[in-house]
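Content type mmCIF, C-alpha atoms, from the file input38.cif:
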data_coords
#
loop_
_atom_site.label_atom_id
_atom_site.label_comp_id
_atom_site.auth_asym_id
_atom_site.auth_seq_id
_atom_site.Cartn_x
_atom_site.Cartn_y
_atom_site.Cartn_z
CA MET A 13 117.16 77.78 108.48
CA LYS A 14 120.26 78.61 106.44
CA LYS A 15 122.43 78.70 109.59
CA LYS A 16 121.21 75.24 110.60
CA LEU A 17 122.12 73.80 107.19
CA LEU A 18 125.57 75.39 107.16
CA VAL A 19 127.09 73.22 109.90
CA PRO A 20 126.24 69.84 108.27
CA LEU A 21 127.63 71.06 104.95
CA ILE A 22 130.89 72.16 106.57
CA LEU A 23 131.16 68.86 108.47
CA PHE A 24 130.57 66.90 105.25
CA SER A 25 133.36 68.83 103.53
CA ILE A 26 135.80 68.25 106.41
CA LEU A 27 134.95 64.56 106.86
CA SER A 28 135.10 63.78 103.13
CA THR A 29 138.62 65.25 103.00
CA LEU A 30 139.82 63.60 106.22
CA ASN A 31 138.62 60.20 104.96
CA ALA A 32 140.24 60.68 101.56
CA GLN A 33 142.68 58.05 100.37
CA VAL A 34 146.11 59.48 99.46
CA LEU A 35 147.29 58.23 96.07
CA THR A 36 150.75 57.90 94.58
CA ARG A 37 151.04 58.30 90.83
CA PHE A 38 151.30 55.14 88.74
CA ILE A 39 152.61 56.86 85.62
CA SER A 40 154.04 60.29 84.78
CA PHE A 41 155.51 61.89 81.70
CA GLU A 42 156.79 65.29 80.66
CA GLU A 43 155.21 67.53 78.03
CA ASP A 44 156.33 70.71 76.27
CA PRO A 45 152.95 72.17 75.24
CA ASP A 46 154.01 75.67 74.04
CA SER A 47 151.06 76.93 76.14
CA PHE A 48 149.22 74.78 78.74
CA SER A 49 148.82 71.01 79.13
CA MET A 50 145.02 70.98 79.10
CA HIS A 51 143.46 67.54 78.77
CA LEU A 52 144.04 63.85 78.00
CA CYS A 53 142.29 60.80 76.55
CA SER A 54 143.20 57.36 75.21
CA ASP A 55 142.03 54.89 72.58
CA GLY A 56 143.60 52.06 74.58
CA LYS A 57 146.69 52.03 72.35
CA SER A 58 148.04 55.55 72.86
CA TYR A 59 147.49 58.65 74.98
CA TYR A 60 146.37 61.87 73.30
CA THR A 61 146.71 65.30 74.90
CA VAL A 62 145.78 68.82 73.84
CA ASN A 63 147.25 72.15 74.76
CA GLY A 64 145.26 75.35 75.19
CA GLY A 65 145.62 79.08 75.59
CA ASP A 66 146.96 79.97 72.13
CA PRO A 67 145.24 78.73 68.95
CA LYS A 68 148.33 79.57 66.89
CA ALA A 69 150.27 77.03 68.95
CA GLY A 70 147.43 74.48 69.06
CA LYS A 71 148.56 70.85 68.99
CA ILE A 72 147.50 67.30 69.70
CA PHE A 73 150.28 65.18 71.21
CA THR A 74 150.42 61.39 71.01
CA TYR A 75 152.23 59.21 73.55
CA SER A 76 152.77 55.50 74.04
CA LEU A 77 151.08 53.88 77.03
CA LYS A 78 154.46 54.19 78.77
CA GLY A 79 154.35 57.97 78.31
CA GLU A 80 156.88 58.17 75.49
CA LEU A 81 156.24 60.98 73.02
CA ILE A 82 155.35 59.62 69.58
CA LYS A 83 154.46 62.74 67.63
CA SER A 84 152.69 66.10 67.85
CA TYR A 85 150.21 67.39 65.29
CA PRO A 86 149.42 71.09 64.68
CA LEU A 87 145.78 71.99 65.15
CA PRO A 88 144.96 75.74 65.12
CA LEU A 89 142.35 75.67 67.90
CA ASP A 90 142.26 76.96 71.48
CA MET A 91 141.31 73.61 73.00
CA ARG A 92 139.96 72.74 76.44
CA GLY A 93 139.16 69.05 76.19
CA ILE A 94 139.90 65.93 74.15
CA MET A 95 137.74 62.78 74.07
CA TYR A 96 137.83 59.41 72.37
CA ASN A 97 134.59 57.77 71.29
CA LYS A 98 134.93 53.97 71.16
CA LYS A 99 131.69 53.65 69.24
CA THR A 100 132.75 55.87 66.32
CA LYS A 101 136.49 55.30 66.84
CA SER A 102 136.97 59.04 66.59
CA ILE A 103 138.76 61.75 68.57
CA TYR A 104 136.80 64.86 69.50
CA VAL A 105 138.00 68.18 70.93
CA ASN A 106 136.14 71.09 72.46
CA THR A 107 137.34 74.69 72.28
CA LEU A 108 137.17 77.98 74.16
CA ASP A 109 134.46 79.26 71.81
CA LYS A 110 132.17 76.35 72.88
CA LYS A 111 132.56 74.29 69.73
CA ILE A 112 133.01 70.53 69.48
CA PHE A 113 134.97 69.11 66.55
CA ARG A 114 135.56 65.58 65.31
CA ILE A 115 139.09 64.93 64.08
CA ILE A 116 138.83 63.49 60.57
CA ASP A 117 142.54 62.91 59.91
CA LEU A 118 145.09 63.75 62.58
CA SER A 119 148.08 63.62 60.21
CA ALA A 120 146.38 65.91 57.70
CA GLY A 121 145.04 68.21 60.41
CA THR A 122 141.47 67.98 59.15
CA TYR A 123 138.40 68.23 61.36
CA GLU A 124 134.68 68.96 61.20
CA LEU A 125 132.25 70.87 63.42
CA VAL A 126 129.85 68.64 65.36
CA PHE A 127 128.16 71.04 67.81
CA ALA A 128 128.34 74.75 68.68
CA ASP A 129 127.07 76.49 71.84
CA LEU A 130 125.75 73.25 73.29
CA TYR A 131 126.89 74.06 76.84
CA GLU A 132 127.24 77.29 78.87
CA GLN A 133 130.72 77.42 80.42
CA GLU A 134 133.29 78.29 77.75
CA GLN A 135 136.17 76.99 79.88
CA SER A 136 134.66 73.52 80.32
CA SER A 137 136.87 70.49 79.77
CA LEU A 138 134.19 68.13 78.50
CA ALA A 139 134.00 64.40 79.17
CA LEU A 140 132.46 61.63 77.10
CA ASP A 141 130.91 58.52 78.61
CA PRO A 142 132.91 55.37 77.71
CA ASN A 143 129.97 54.04 75.70
CA GLY A 144 129.83 57.26 73.68
CA LYS A 145 126.20 57.87 74.63
CA PHE A 146 126.45 60.85 76.98
CA LEU A 147 128.49 64.06 77.02
CA TYR A 148 129.22 65.84 80.32
CA ALA A 149 129.83 69.57 80.91
CA PHE A 150 130.64 70.87 84.40
CA ASP A 151 130.22 74.40 85.75
CA ASN A 152 130.72 75.32 89.42
CA GLY A 153 129.03 72.29 90.96
CA ASN A 154 126.41 71.86 88.25
CA LEU A 155 126.70 69.02 85.75
CA SER A 156 124.85 69.06 82.42
CA ILE A 157 124.48 65.67 80.73
CA PHE A 158 123.70 65.60 77.01
CA LYS A 159 122.76 62.82 74.62
CA PHE A 160 125.85 62.94 72.46
CA LYS A 161 124.37 61.68 69.19
CA LYS A 162 121.61 64.31 69.06
CA GLY A 163 123.23 67.03 71.18
CA VAL A 164 120.19 67.45 73.44
CA LEU A 165 120.14 67.90 77.22
CA ASP A 166 119.16 64.70 79.01
CA ARG A 167 119.43 65.71 82.68
CA THR A 168 121.35 67.82 85.18
CA LEU A 169 122.96 67.21 88.57
CA SER A 170 123.81 69.86 91.13
CA GLY A 171 125.76 70.22 94.35
CA LEU A 172 128.91 68.39 93.21
CA LYS A 173 132.03 69.53 95.05
CA CYS A 174 134.85 71.26 93.16
CA GLY A 175 137.44 74.01 93.34
CA LYS A 176 136.43 77.55 94.22
CA SER A 177 137.07 78.96 90.74
CA ILE A 178 137.16 77.88 87.09
CA GLY A 179 140.95 77.67 87.15
CA LYS A 180 140.85 75.50 90.29
CA GLY A 181 138.70 72.71 88.89
CA ALA A 182 135.20 74.21 88.75
CA ALA A 183 134.91 73.50 85.00
CA ALA A 184 136.53 70.04 84.86
CA VAL A 185 134.86 66.62 85.04
CA ALA A 186 135.97 63.06 84.32
CA ILE A 187 133.79 60.02 83.64
CA ASP A 188 134.19 56.25 83.72
CA LYS A 189 131.64 53.44 83.38
CA LYS A 190 130.23 53.86 86.89
CA TYR A 191 131.40 57.17 88.34
CA ILE A 192 131.61 60.92 87.92
CA TYR A 193 134.78 62.66 89.14
CA THR A 194 135.27 66.32 90.06
CA TRP A 195 138.14 67.95 91.89
CA ASP A 196 139.63 70.86 93.80
CA SER A 197 143.10 71.47 92.38
CA ASP A 198 144.17 73.63 95.35
CA SER A 199 143.75 70.76 97.81
CA LYS A 200 144.36 68.09 95.10
CA VAL A 201 141.19 66.31 96.26
CA VAL A 202 139.21 64.26 93.71
CA TYR A 203 135.55 63.55 94.52
CA ALA A 204 133.80 60.45 93.18
CA TYR A 205 130.02 60.29 92.65
CA ASP A 206 127.78 57.63 91.18
CA LYS A 207 125.87 58.42 87.99
CA LYS A 208 122.91 59.66 90.05
CA GLY A 209 125.08 62.23 91.82
CA ALA A 210 125.46 60.47 95.18
CA PHE A 211 128.87 61.05 96.81
CA LYS A 212 130.94 57.86 97.18
CA LYS A 213 134.57 58.59 98.00
CA SER A 214 137.36 61.15 97.82
CA PHE A 215 141.04 60.87 96.98
CA ILE A 216 144.07 63.09 97.51
CA LEU A 217 146.61 63.27 94.69
CA ARG A 218 150.27 63.82 95.51
CA ASP A 219 151.08 65.64 92.26
CA GLY A 220 149.23 67.74 89.71
CA ASP A 221 147.42 71.03 90.28
CA PHE A 222 146.32 72.42 86.91
CA GLY A 223 142.59 72.86 87.41
CA TYR A 224 141.43 72.27 83.83
CA SER A 225 143.31 69.01 83.35
CA LEU A 226 141.17 66.40 85.18
CA SER A 227 140.84 63.45 82.77
CA TYR A 228 140.08 59.73 82.80
CA ALA A 229 141.82 57.13 80.63
CA ASN A 230 142.76 53.45 80.84
CA GLY A 231 141.39 53.00 84.35
CA MET A 232 143.22 56.03 85.74
CA ILE A 233 142.56 59.63 86.67
CA PHE A 234 145.04 62.02 85.06
CA VAL A 235 145.96 65.59 86.00
CA SER A 236 148.81 67.86 84.98
CA ASN A 237 151.19 70.46 86.33
CA SER A 238 151.31 73.27 83.80
CA GLU A 239 152.55 76.84 83.54
CA GLN A 240 152.22 78.95 80.41
CA ASN A 241 154.97 78.28 77.84
CA LYS A 242 156.84 75.99 80.22
CA LYS A 243 157.28 72.23 80.29
CA GLY A 244 154.58 70.43 82.21
CA ASN A 245 153.95 66.96 83.56
CA TRP A 246 151.08 64.50 83.37
CA TYR A 247 150.32 62.19 86.30
CA GLY A 248 148.11 59.09 86.21
CA TYR A 249 146.54 57.53 89.31
CA TYR A 250 144.62 54.32 89.87
CA LEU A 251 141.63 54.97 92.12
CA TRP A 252 141.81 51.86 94.29
CA GLY A 253 138.50 50.60 95.59
CA MET A 254 136.35 51.98 92.77
CA ASN A 255 135.78 48.50 91.22
CA GLN A 256 137.32 49.32 87.85
#
Please express what this file holds, its structure, as structure tokens.
Amino acid sequence: MKKKLLVPLILFSILSTLNAQVLTRFISFEEDPDSFSMHLCSDGKSYYTVNGGDPKAGKIFTYSLKGELIKSYPLPLDMRGIMYNKKTKSIYVNTLDKKIFRIIDLSAGTYELVFADLYEQEQSSLALDPNGKFLYAFDNGNLSIFKFKKGVLDRTLSGLKCGKSIGKGAAAVAIDKKYIYTWDSDSKVVYAYDKKGAFKKSFILRDGDFGYSLSYANGMIFVSNSEQNKKGNWYGYYLWGMNQ
């Protein structure tokens, strides 16, 4: 039985890649993270990014919508994700020790703990639904969806395609109003699913291969190129045909 199922799965993987639309970046900007360029979000007025890998060098960077650096703010955390909640008008970050913090005052560097040990994969770059209702954590094809206000598990999805390891996209997910996005950073393929987990479309990105960095902001998917303690780059892509 397993051998019979293997061929359709392989064919699905090949066909979904062959039919992928190749995208050219719409925006790009350079970053000097002092560690790794991990994740990105936006409040519609600015872009916010976080670095990760060294809590002593932890920072949140702010950019204009044209990608011009505005300012960086020290934040002594080993961050994996950054999210903006339109409902509370607050920025949240999640860290390597599986904690989620709300930023109280970015300039003052103050923050408060919201949740701890809510999800399993410590390397997860979390994503927040645009309406602020649901929080998403991805781990090797399995997606856990939490009610953000109460921090309780609502449902799970499985079988979503991704990279072969955590560093290749197996712990990264991005969310918009209608779709869930995962990716394989080796092949630079982004997979789009509806909110019920049904596969819809795939895209190939020309630039960006840092597996943790998959983000969604301002109608675009963002990914980075990043090497430890070296300058990196962020790339933003419009996913044409996704009705955004």
For the provided coordinates, the residues matched by the PyMOL selection byres ((chain A and resi 140-155) around 7) should be stated as a VMD selection string.
chain A and resid 95 97 to 99 131 133 136 138 to 139 156 to 161 168 to 174 182 to 185 187 to 189
Each side padded by 5 Å, which centre and which edge lengths in Å (one decimal) define the axis-aligned box around the listed atoms of stretch 163-175 of chain A? Give them as AutoDock Vina command-line options.
--center_x 128.3 --center_y 69.4 --center_z 83.1 --size_x 28.3 --size_y 19.3 --size_z 33.9
I'd like the contact shell of A:Tyr247 - 8 Å cut-off, only C-alpha atoms, skipping same-chain residues fewer than 5 positions apart - returned as a PDB file with C-alpha atoms, keeping the file's coordinate frame.
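Output file part-v7.pdb follows:
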ATOM      1  CA  ARG A  37     151.040  58.300  90.830  1.00  0.00           C
ATOM      2  CA  PHE A  38     151.300  55.140  88.740  1.00  0.00           C
ATOM      3  CA  ILE A  39     152.610  56.860  85.620  1.00  0.00           C
ATOM      4  CA  SER A  40     154.040  60.290  84.780  1.00  0.00           C
ATOM      5  CA  PHE A  41     155.510  61.890  81.700  1.00  0.00           C
ATOM      6  CA  ASP A 219     151.080  65.640  92.260  1.00  0.00           C
ATOM      7  CA  GLY A 220     149.230  67.740  89.710  1.00  0.00           C
ATOM      8  CA  PHE A 234     145.040  62.020  85.060  1.00  0.00           C
ATOM      9  CA  VAL A 235     145.960  65.590  86.000  1.00  0.00           C
ATOM     10  CA  SER A 236     148.810  67.860  84.980  1.00  0.00           C
TER      11      SER A 236
END
Output the residue selection produced by the PyMOL selection byres ((chain A and resi 109) around 12) on the file above, formatted as a PyMOL selection string.
chain A and resi 64-65+67+89-92+105-108+110-113+127-136
Applying 12 Å and all atoms listed in the file, which residues near A:Asp221 remain after dropping the ones on its own chain fewer than 6 positions away? List them as number ranges by chain.
A: 49-50, 175, 179-181, 195-202, 234-239, 244-247
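Remark: for A:Tyr228, the closest of the candidate residues A:Gly121, A:Pro45, A:Pro88, A:Gly56 is A:Gly56 (distances computed over all atoms listed in the file).
Between atom CA of A:Phe48 and atom CA of A:Asn230 lies a distance of 22.4 Å.
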Chain and number of each residue from the PyMOL selection byres ((chain A and resi 204) around 10), as a list in words
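Answer for the PyMOL selection byres ((chain A and resi 204) around 10): Leu172, Lys173, Ala186, Ile187, Lys190, Tyr191, Ile192, Tyr193, Thr194, Trp195, Val201, Val202, Tyr203, Tyr205, Asp206, Lys207, Gly209, Ala210, Phe211, Lys212, Lys213, Ser214, Phe215, Leu251 and Met254 of chain A.
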Counting all atoms listed in the file, the option among A:Leu165, A:Glu43, A:Ser54, A:Tyr96 closest to A:Leu81:
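Under the stated criterion, the closest residue is A:Glu43.
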Distance in Å - atom CA of A:Ser225 versus atom CA of A:Ser76:
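Separation between atom CA of A:Ser225 and atom CA of A:Ser76: 18.9 Å.
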Leaving out A:Phe73 and any residue of its chain fewer than 6 positions from it, which residues lie within 10 Å of it when counting only C-alpha atoms, given as a list in words?
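Contacts, in chain order: Glu43, Asp44, Pro45, Ser49, Leu52, Tyr59, Tyr60, Thr61, Val62, Asn63, Leu81, Ile82, Lys83, Ser84, Tyr85 and Pro86 of chain A.
With distances taken over only C-alpha atoms, A:Lys71 is the one residue among A:Thr100, A:Gly163, A:Glu42, A:Lys71 lying closest to A:Leu118.
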Between atom CA of A:Thr36 and atom CA of A:Ser58, measure the distance and give it in Å to one decimal.
22.0 Å
Given the choices A:Lys176, A:Ala229, A:Trp252, A:Lys243, which gets closest to A:Ser47 if the distance is worked out from all atoms listed in the file?
A:Lys243
Up to 6 Å from (156.6, 77.8, 78.1) in the file's coordinates: name the residues, counting all atoms listed in the file, as an MDAnalysis selection string.
chainID A and resid 46:47 240:242
